[in-house]
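Below is one structure, written out as C-alpha cells; the observations come after it.
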Amino acid sequence: MTDDASTSGPSPEVDRATSHPNTYSDRAYTWLSRNGLYIWAGISIVAIALGALAIPLLAFGSLAAIGGEESILAGGTAIVLLCTVLLLGLAVVLLSYAYLEVDRRGVPFVGDGSARTLAYDGIRTIETVAAGTFIGGLLTMLGLAVSVGDIPTILSVTVVAAAIGLPVTVLVHAAGHFALFVVDTV
C-alpha cells in the first residue's frame with residue numbers, strides 16, 4: 001500500500017449517512033432512504049382505500065341521519081378519522097425524512113442537474129409541501145375551531161386538497177421509482 005493511498009481519507013462524494021453510521025439520525029436516515037418509500041406507498045394505498053370507502057358511507061349516512069338512523073354516519077366518520085390519523089402519521093414521517101435529507105444532502109435543486117436528480121428533488125419537494133400543508137392546515141383548523149368556533153371554507157378546501165394530494169404524490173413517487181428500477185434492469 002502506498003503512502004498517499006493510506007492518508008487520502010474518504011472521498012468527498014461519500015454520503016454522510018455512510019460516513020457516520022453510529023448516530024441515531026444517520027441510522028434513521030439510512031433506513032428511511034432504503035425502506036421508507038415502500039411503507040409510505042402502503043400507507044397511501046390504505047388511506048386512499050379508506051377515503052373511497054368513507055365517501056359513500058358519509059353520503060348515505062347523512063341521508064339516513066335525516067330519518068333518525070345515525071349509525072351509518074358514525075361509521076363513515078370513524079373511517080374518516082382513521083384515514084386522517086394515517087395521513088397525519090404519513091405527513092409527520094415525510095417531514096421528518098425531509099429534515100434528515102436536507103441535513104445530509106443539502107437543499108434540493110442544487111445537485112448535479114441531471115434529470116433523475118431534478119425529478120427526485122421535485123417529487124420530494126411536492127411531498128414535503130403537501131405534508132406541511134396538511135399538518136399546518138389541521139393545526140390551524142383545530143386552533144380556529146377552539147378559539148373562534150368557525151373554520152373558513154378556503155382552509156377546509158386547502159386541507160382536503162393536501163389530504164388528497166399527499167398520498168397521490170407518494171404513489172407517483174413510488175411509480176417513478178419502480179419505472180426507474182425496470183429501466184435500469186433492462
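If you're wondering about the labels, chains in the C-alpha cells are A, B, ... by order shown, residues count from 1 in each chain, ligands from 1 in order shown.
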Would you mind listing what lies within 9 Å of A:Leu171 as a PDB file with N, CA, C and O atoms, in the first residue's frame, with only C-alpha atoms counted and same-chain residues fewer than 2 positions away left out?
```pdb
ATOM      1  N   LEU A  37     -40.011   4.459   1.228  1.00  0.00           N
ATOM      2  CA  LEU A  37     -40.955   4.597   0.119  1.00  0.00           C
ATOM      3  C   LEU A  37     -41.961   3.455   0.094  1.00  0.00           C
ATOM      4  O   LEU A  37     -43.136   3.662  -0.210  1.00  0.00           O
ATOM      5  N   TRP A  40     -44.428   4.227   2.915  1.00  0.00           N
ATOM      6  CA  TRP A  40     -45.259   5.383   2.557  1.00  0.00           C
ATOM      7  C   TRP A  40     -46.270   5.017   1.491  1.00  0.00           C
ATOM      8  O   TRP A  40     -47.421   5.455   1.555  1.00  0.00           O
ATOM      9  N   ALA A  41     -45.876   4.217   0.520  1.00  0.00           N
ATOM     10  CA  ALA A  41     -46.808   3.804  -0.534  1.00  0.00           C
ATOM     11  C   ALA A  41     -47.900   2.911   0.043  1.00  0.00           C
ATOM     12  O   ALA A  41     -49.077   3.046  -0.324  1.00  0.00           O
ATOM     13  N   GLY A  42     -47.551   2.030   0.957  1.00  0.00           N
ATOM     14  CA  GLY A  42     -48.554   1.172   1.598  1.00  0.00           C
ATOM     15  C   GLY A  42     -49.559   1.983   2.396  1.00  0.00           C
ATOM     16  O   GLY A  42     -50.778   1.747   2.313  1.00  0.00           O
ATOM     17  N   SER A  44     -50.290   5.075   1.899  1.00  0.00           N
ATOM     18  CA  SER A  44     -51.062   5.852   0.921  1.00  0.00           C
ATOM     19  C   SER A  44     -52.174   5.025   0.299  1.00  0.00           C
ATOM     20  O   SER A  44     -53.299   5.503   0.138  1.00  0.00           O
ATOM     21  N   ILE A  45     -51.867   3.783  -0.046  1.00  0.00           N
ATOM     22  CA  ILE A  45     -52.888   2.913  -0.634  1.00  0.00           C
ATOM     23  C   ILE A  45     -54.019   2.657   0.360  1.00  0.00           C
ATOM     24  O   ILE A  45     -55.201   2.725   0.004  1.00  0.00           O
ATOM     25  N   LEU A 166     -51.374  14.379  -0.955  1.00  0.00           N
ATOM     26  CA  LEU A 166     -50.272  13.715  -0.255  1.00  0.00           C
ATOM     27  C   LEU A 166     -50.133  12.243  -0.656  1.00  0.00           C
ATOM     28  O   LEU A 166     -49.061  11.837  -1.136  1.00  0.00           O
ATOM     29  N   PRO A 167     -51.162  11.411  -0.528  1.00  0.00           N
ATOM     30  CA  PRO A 167     -50.962  10.014  -0.926  1.00  0.00           C
ATOM     31  C   PRO A 167     -50.795   9.837  -2.434  1.00  0.00           C
ATOM     32  O   PRO A 167     -50.074   8.940  -2.878  1.00  0.00           O
ATOM     33  N   VAL A 168     -51.437  10.690  -3.212  1.00  0.00           N
ATOM     34  CA  VAL A 168     -51.283  10.591  -4.665  1.00  0.00           C
ATOM     35  C   VAL A 168     -49.838  10.891  -5.061  1.00  0.00           C
ATOM     36  O   VAL A 168     -49.249  10.189  -5.897  1.00  0.00           O
ATOM     37  N   THR A 169     -49.254  11.903  -4.467  1.00  0.00           N
ATOM     38  CA  THR A 169     -47.867  12.254  -4.765  1.00  0.00           C
ATOM     39  C   THR A 169     -46.909  11.141  -4.350  1.00  0.00           C
ATOM     40  O   THR A 169     -45.956  10.827  -5.069  1.00  0.00           O
ATOM     41  N   HIS A 173     -44.452   9.020  -6.775  1.00  0.00           N
ATOM     42  CA  HIS A 173     -43.039   8.807  -6.445  1.00  0.00           C
ATOM     43  C   HIS A 173     -42.707   7.318  -6.507  1.00  0.00           C
ATOM     44  O   HIS A 173     -41.684   6.916  -7.089  1.00  0.00           O
ATOM     45  N   ALA A 174     -43.561   6.477  -5.921  1.00  0.00           N
ATOM     46  CA  ALA A 174     -43.318   5.032  -5.930  1.00  0.00           C
ATOM     47  C   ALA A 174     -43.368   4.479  -7.348  1.00  0.00           C
ATOM     48  O   ALA A 174     -42.550   3.627  -7.715  1.00  0.00           O
ATOM     49  N   ALA A 175     -44.303   4.963  -8.158  1.00  0.00           N
ATOM     50  CA  ALA A 175     -44.390   4.508  -9.551  1.00  0.00           C
ATOM     51  C   ALA A 175     -43.150   4.924 -10.336  1.00  0.00           C
ATOM     52  O   ALA A 175     -42.615   4.145 -11.137  1.00  0.00           O
ATOM     53  N   GLY A 176     -42.666   6.126 -10.107  1.00  0.00           N
ATOM     54  CA  GLY A 176     -41.432   6.575 -10.761  1.00  0.00           C
ATOM     55  C   GLY A 176     -40.235   5.760 -10.326  1.00  0.00           C
ATOM     56  O   GLY A 176     -39.373   5.413 -11.144  1.00  0.00           O
TER      57      GLY A 176
END
```
Requested in this report: Looking only at alpha helix (DSSP H) from DSSP on the backbone, list the matching residues of stretch 2-140 of chain A as a VMD selection string.
Outcome: chain A and resid 3 to 7 16 to 19 24 to 66 71 to 105 115 to 140
Generate the output file for the selected residues, C-alpha atoms, as a short mmCIF file (atom, residue, chain, number, x, y, z; two decimals), in the first residue's frame.
```
data_model
loop_
_atom_site.label_atom_id
_atom_site.label_comp_id
_atom_site.auth_asym_id
_atom_site.auth_seq_id
_atom_site.Cartn_x
_atom_site.Cartn_y
_atom_site.Cartn_z
CA ASP A 3 1.70 6.27 1.50
CA ASP A 4 -0.60 8.63 -0.36
CA ALA A 5 -3.36 5.95 -0.58
CA SER A 6 -3.33 5.40 3.17
CA THR A 7 -3.60 9.11 4.04
CA ARG A 16 -22.71 11.48 5.36
CA ALA A 17 -25.10 8.64 6.15
CA THR A 18 -22.37 6.14 5.31
CA SER A 19 -19.54 8.09 6.93
CA TYR A 24 -29.39 7.74 15.61
CA SER A 25 -30.28 10.29 12.96
CA ASP A 26 -27.88 8.71 10.46
CA ARG A 27 -29.31 5.25 11.08
CA ALA A 28 -32.85 6.62 10.73
CA TYR A 29 -31.92 8.39 7.50
CA THR A 30 -30.27 5.28 6.08
CA TRP A 31 -33.23 3.08 6.99
CA LEU A 32 -35.80 5.54 5.65
CA SER A 33 -33.89 6.09 2.42
CA ARG A 34 -33.84 2.33 1.79
CA ASN A 35 -37.29 1.30 3.06
CA GLY A 36 -39.38 4.41 3.56
CA LEU A 37 -40.96 4.60 0.12
CA TYR A 38 -42.45 1.11 0.46
CA ILE A 39 -44.05 1.99 3.79
CA TRP A 40 -45.26 5.38 2.56
CA ALA A 41 -46.81 3.80 -0.53
CA GLY A 42 -48.55 1.17 1.60
CA ILE A 43 -49.97 3.80 3.94
CA SER A 44 -51.06 5.85 0.92
CA ILE A 45 -52.89 2.91 -0.63
CA VAL A 46 -54.69 2.16 2.64
CA ALA A 47 -55.59 5.83 3.12
CA ILE A 48 -56.97 6.13 -0.42
CA ALA A 49 -58.99 2.91 0.01
CA LEU A 50 -60.40 4.12 3.32
CA GLY A 51 -61.25 7.50 1.80
CA ALA A 52 -63.03 5.82 -1.09
CA LEU A 53 -64.99 3.72 1.40
CA ALA A 54 -65.84 6.69 3.61
CA ILE A 55 -67.33 8.91 0.89
CA PRO A 56 -70.40 6.74 0.14
CA LEU A 57 -70.87 5.95 3.82
CA LEU A 58 -70.89 9.65 4.69
CA ALA A 59 -73.22 10.50 1.80
CA PHE A 60 -75.69 7.72 2.55
CA GLY A 61 -75.27 8.18 6.30
CA SER A 62 -76.16 11.87 6.01
CA LEU A 63 -79.39 10.96 4.23
CA ALA A 64 -80.17 8.18 6.71
CA ALA A 65 -79.47 10.53 9.63
CA ILE A 66 -82.37 12.71 8.49
CA SER A 71 -75.06 4.53 12.85
CA ILE A 72 -74.03 4.69 9.17
CA LEU A 73 -72.91 8.29 9.55
CA ALA A 74 -70.99 7.37 12.71
CA GLY A 75 -69.25 4.52 10.85
CA GLY A 76 -68.29 6.83 7.98
CA THR A 77 -66.98 9.40 10.46
CA ALA A 78 -64.88 6.75 12.21
CA ILE A 79 -63.36 5.73 8.88
CA VAL A 80 -62.58 9.39 8.06
CA LEU A 81 -60.90 9.73 11.47
CA LEU A 82 -58.79 6.62 10.84
CA CYS A 83 -57.85 7.91 7.39
CA THR A 84 -56.89 11.28 8.91
CA VAL A 85 -54.69 9.59 11.52
CA LEU A 86 -52.95 7.56 8.80
CA LEU A 87 -52.36 10.68 6.69
CA LEU A 88 -51.15 12.60 9.74
CA GLY A 89 -48.63 9.85 10.52
CA LEU A 90 -47.53 9.79 6.88
CA ALA A 91 -47.09 13.57 6.88
CA VAL A 92 -45.05 13.53 10.11
CA VAL A 93 -42.73 10.81 8.76
CA LEU A 94 -42.32 12.62 5.42
CA LEU A 95 -41.47 15.89 7.16
CA SER A 96 -39.01 14.12 9.46
CA TYR A 97 -37.34 12.45 6.50
CA ALA A 98 -37.23 15.76 4.62
CA TYR A 99 -35.42 17.32 7.59
CA LEU A 100 -32.93 14.44 7.71
CA GLU A 101 -32.45 14.59 3.95
CA VAL A 102 -31.76 18.34 3.94
CA ASP A 103 -29.33 17.78 6.81
CA ARG A 104 -27.49 15.10 4.82
CA ARG A 105 -27.77 16.23 1.18
CA ALA A 115 -32.92 14.58 -14.97
CA ARG A 116 -33.11 11.96 -12.21
CA THR A 117 -31.91 14.38 -9.56
CA LEU A 118 -34.34 17.07 -10.70
CA ALA A 119 -37.24 14.59 -10.76
CA TYR A 120 -36.36 13.25 -7.31
CA ASP A 121 -35.92 16.72 -5.81
CA GLY A 122 -39.16 17.86 -7.42
CA ILE A 123 -41.29 14.99 -6.15
CA ARG A 124 -39.74 15.16 -2.67
CA THR A 125 -40.42 18.91 -2.56
CA ILE A 126 -44.05 18.37 -3.56
CA GLU A 127 -44.43 15.61 -0.94
CA THR A 128 -42.94 17.83 1.73
CA VAL A 129 -45.12 20.81 0.83
CA ALA A 130 -48.24 18.62 0.82
CA ALA A 131 -47.29 17.12 4.20
CA GLY A 132 -46.58 20.54 5.71
CA THR A 133 -49.79 21.98 4.30
CA PHE A 134 -51.81 19.08 5.69
CA ILE A 135 -50.34 19.28 9.19
CA GLY A 136 -50.34 23.08 9.27
CA GLY A 137 -53.89 23.22 7.97
CA LEU A 138 -55.14 20.70 10.52
CA LEU A 139 -53.47 22.58 13.36
CA THR A 140 -54.90 25.87 12.10
#
```
Report summary line: One decimal place gives the atom CA of A:Val183-atom CA of A:Val170 separation as 19.9 Å
